[in-house]
Each structure stands twice: as C-alpha cells, then as structure tokens.
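Have a look at upload-v1.pdb below; it lists PDB, C-alpha atoms.
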```pdb
MODEL        1
ATOM      1  CA  MET A   1      58.094  19.002   4.270
ATOM      2  CA  ASP A   2      60.581  20.385   6.781
ATOM      3  CA  SER A   3      59.617  22.327   9.896
ATOM      4  CA  GLN A   4      60.349  25.683   8.261
ATOM      5  CA  LYS A   5      57.950  25.002   5.399
ATOM      6  CA  LEU A   6      55.348  23.567   7.768
ATOM      7  CA  ALA A   7      55.549  26.698   9.937
ATOM      8  CA  GLN A   8      55.173  28.912   6.864
ATOM      9  CA  TYR A   9      52.154  26.864   5.785
ATOM     10  CA  LEU A  10      50.566  27.221   9.225
ATOM     11  CA  GLU A  11      51.078  30.976   9.123
ATOM     12  CA  SER A  12      49.830  31.410   5.568
ATOM     13  CA  THR A  13      46.665  29.383   6.210
ATOM     14  CA  ASN A  14      45.984  30.999   9.580
ATOM     15  CA  SER A  15      46.302  27.589  11.241
ATOM     16  CA  ILE A  16      48.339  28.675  14.256
ATOM     17  CA  ALA A  17      45.249  28.242  16.445
ATOM     18  CA  LYS A  18      44.836  24.581  15.432
ATOM     19  CA  PRO A  19      46.519  22.654  18.231
ATOM     20  CA  TRP A  20      46.822  19.354  16.367
ATOM     21  CA  LEU A  21      48.873  21.118  13.673
ATOM     22  CA  LEU A  22      51.141  22.646  16.303
ATOM     23  CA  VAL A  23      51.736  19.122  17.601
ATOM     24  CA  GLN A  24      52.770  18.113  14.086
ATOM     25  CA  LEU A  25      55.190  21.022  13.975
ATOM     26  CA  ARG A  26      56.706  20.031  17.315
ATOM     27  CA  LEU A  27      57.094  16.447  16.096
ATOM     28  CA  LYS A  28      58.761  17.592  12.895
ATOM     29  CA  LYS A  29      61.207  19.813  14.792
ATOM     30  CA  LEU A  30      62.033  16.948  17.154
ATOM     31  CA  GLN A  31      62.565  14.604  14.220
ATOM     32  CA  GLU A  32      64.992  17.078  12.658
ATOM     33  CA  ARG A  33      66.979  17.299  15.912
ATOM     34  CA  GLN A  34      66.952  13.566  16.658
ATOM     35  CA  ALA A  35      70.496  12.907  15.404
ATOM     36  CA  SER A  36      71.960  15.693  17.549
ATOM     37  CA  ILE A  37      70.319  14.880  20.898
ATOM     38  CA  SER A  38      70.603  11.955  23.285
ATOM     39  CA  GLU A  39      68.127   9.086  23.229
ATOM     40  CA  ASP A  40      66.906  10.092  26.688
ATOM     41  CA  THR A  41      66.277  13.682  25.611
ATOM     42  CA  TYR A  42      64.482  12.466  22.498
ATOM     43  CA  ALA A  43      62.307  10.071  24.516
ATOM     44  CA  ASN A  44      61.476  12.750  27.106
ATOM     45  CA  GLU A  45      60.524  15.319  24.488
ATOM     46  CA  LEU A  46      58.478  12.773  22.562
ATOM     47  CA  ALA A  47      56.655  11.811  25.765
ATOM     48  CA  ASP A  48      55.933  15.498  26.419
ATOM     49  CA  ILE A  49      54.494  15.957  22.934
ATOM     50  CA  HIS A  50      52.402  12.812  23.352
ATOM     51  CA  GLU A  51      51.048  14.038  26.676
ATOM     52  CA  ASP A  52      50.059  17.368  25.145
ATOM     53  CA  LEU A  53      48.350  15.550  22.284
ATOM     54  CA  MET A  54      46.380  13.371  24.689
ATOM     55  CA  HIS A  55      45.240  16.479  26.588
ATOM     56  CA  LEU A  56      43.630  17.846  23.438
ATOM     57  CA  GLY A  57      40.802  15.410  24.041
ATOM     58  CA  GLU A  58      37.674  15.816  21.969
ATOM     59  CA  TRP A  59      37.563  19.606  21.938
ATOM     60  CA  TRP A  60      36.431  19.497  18.313
ATOM     61  CA  ARG A  61      33.095  17.761  19.009
ATOM     62  CA  GLY A  62      30.270  19.801  17.551
ATOM     63  CA  ILE A  63      32.489  22.145  15.531
ATOM     64  CA  GLU A  64      34.022  19.654  13.081
ATOM     65  CA  ASP A  65      32.912  21.648  10.057
ATOM     66  CA  LYS A  66      34.721  24.738  11.338
ATOM     67  CA  VAL A  67      38.035  23.200  12.346
ATOM     68  CA  PHE A  68      38.695  20.382   9.869
TER      69      PHE A  68
ENDMDL
END
```

Please render this file's structure as structure tokens.
Amino acid sequence: MDSQKLAQYLESTNSIAKPWLLVQLRLKKLQERQASISEDTYANELADIHEDLMHLGEWWRGIEDKVF
C-alpha cells in the first residue's frame, strides 16, 4: 500500500486521531522518498519518526478496546 492509499484509508476509517497510524504514514512517505534524498537526511528523518514513536508511550493503557 502506498502512502496515498494509506492516507485515504486513514481518512475513510476516521483514524486520523490514531497516532501510531500517523507514524506508519510518515514511515511510508519516507520510504517512498528514500531514493531521492541523501543518506543523512533519511537517517535524520527516520530518527525523528522514531523519537515521536517513543514519545507515544503507553497512552492506550485502559482504553485498549476503544483504540485497537
């Protein structure tokens, strides 16, 4: 699935507010751009996405049935 289709899926399922899915979208967009950007830029953007993912923490505790 490319980033366009993933974005359409997120919109159609009202999943824009699910941060872990937005991380997936960012990763997919980065993957699609990988051939056209430098290795340093790729590594920096990947590190930024990873940091954001790690900051999500365990926000879902206690509401698993609502968000997954």

**Message:** the PyMOL selection byres ((chain A and resi 27-44) around 12) - which residues does that actually catch in the file I just gave you? List them as a list in words.
**Reply:** Met1, Asp2, Ser3, Gln4, Lys5, Leu6, Ala7, Trp20, Leu21, Leu22, Val23, Gln24, Leu25, Arg26, Glu45, Leu46, Ala47, Asp48, Ile49, His50, Glu51, Asp52 and Leu53 of chain A

Could the residues in this selection be written to a file with C-alpha atoms, as a CSV table (one decimal), keeping the file's coordinate frame?
```
chain,number,residue,atom,x,y,z
A,1,MET,CA,58.1,19.0,4.3
A,2,ASP,CA,60.6,20.4,6.8
A,3,SER,CA,59.6,22.3,9.9
A,4,GLN,CA,60.3,25.7,8.3
A,5,LYS,CA,58.0,25.0,5.4
A,6,LEU,CA,55.3,23.6,7.8
A,7,ALA,CA,55.5,26.7,9.9
A,20,TRP,CA,46.8,19.4,16.4
A,21,LEU,CA,48.9,21.1,13.7
A,22,LEU,CA,51.1,22.6,16.3
A,23,VAL,CA,51.7,19.1,17.6
A,24,GLN,CA,52.8,18.1,14.1
A,25,LEU,CA,55.2,21.0,14.0
A,26,ARG,CA,56.7,20.0,17.3
A,45,GLU,CA,60.5,15.3,24.5
A,46,LEU,CA,58.5,12.8,22.6
A,47,ALA,CA,56.7,11.8,25.8
A,48,ASP,CA,55.9,15.5,26.4
A,49,ILE,CA,54.5,16.0,22.9
A,50,HIS,CA,52.4,12.8,23.4
A,51,GLU,CA,51.0,14.0,26.7
A,52,ASP,CA,50.1,17.4,25.1
A,53,LEU,CA,48.4,15.6,22.3
```

**Request:** Please provide the set of residues having any atom within 9 Å of stretch 66-68 of chain A, restricted to all atoms listed in the file, with same-chain residues fewer than 3 positions apart removed, written as a PyMOL selection string.
**Result:** chain A and resi 18+60+63

**Asked** What is the distance between atom CA of A:His55 and atom CA of A:Asn14, in Å to one decimal?
**Response**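 Computing the Euclidean distance for atom CA of A:His55 and atom CA of A:Asn14 yields 22.4 Å.
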
Calculate, to one decimal in Å, the centre and edge lengths of the box along x, y and z of the file that holds all listed atoms of stretch 14-31 of chain A with 6 Å of margin on each side, and present them as JSON.
```
{"center_x": 53.7, "center_y": 22.8, "center_z": 13.9, "size_x": 29.7, "size_y": 28.4, "size_z": 20.7}
```
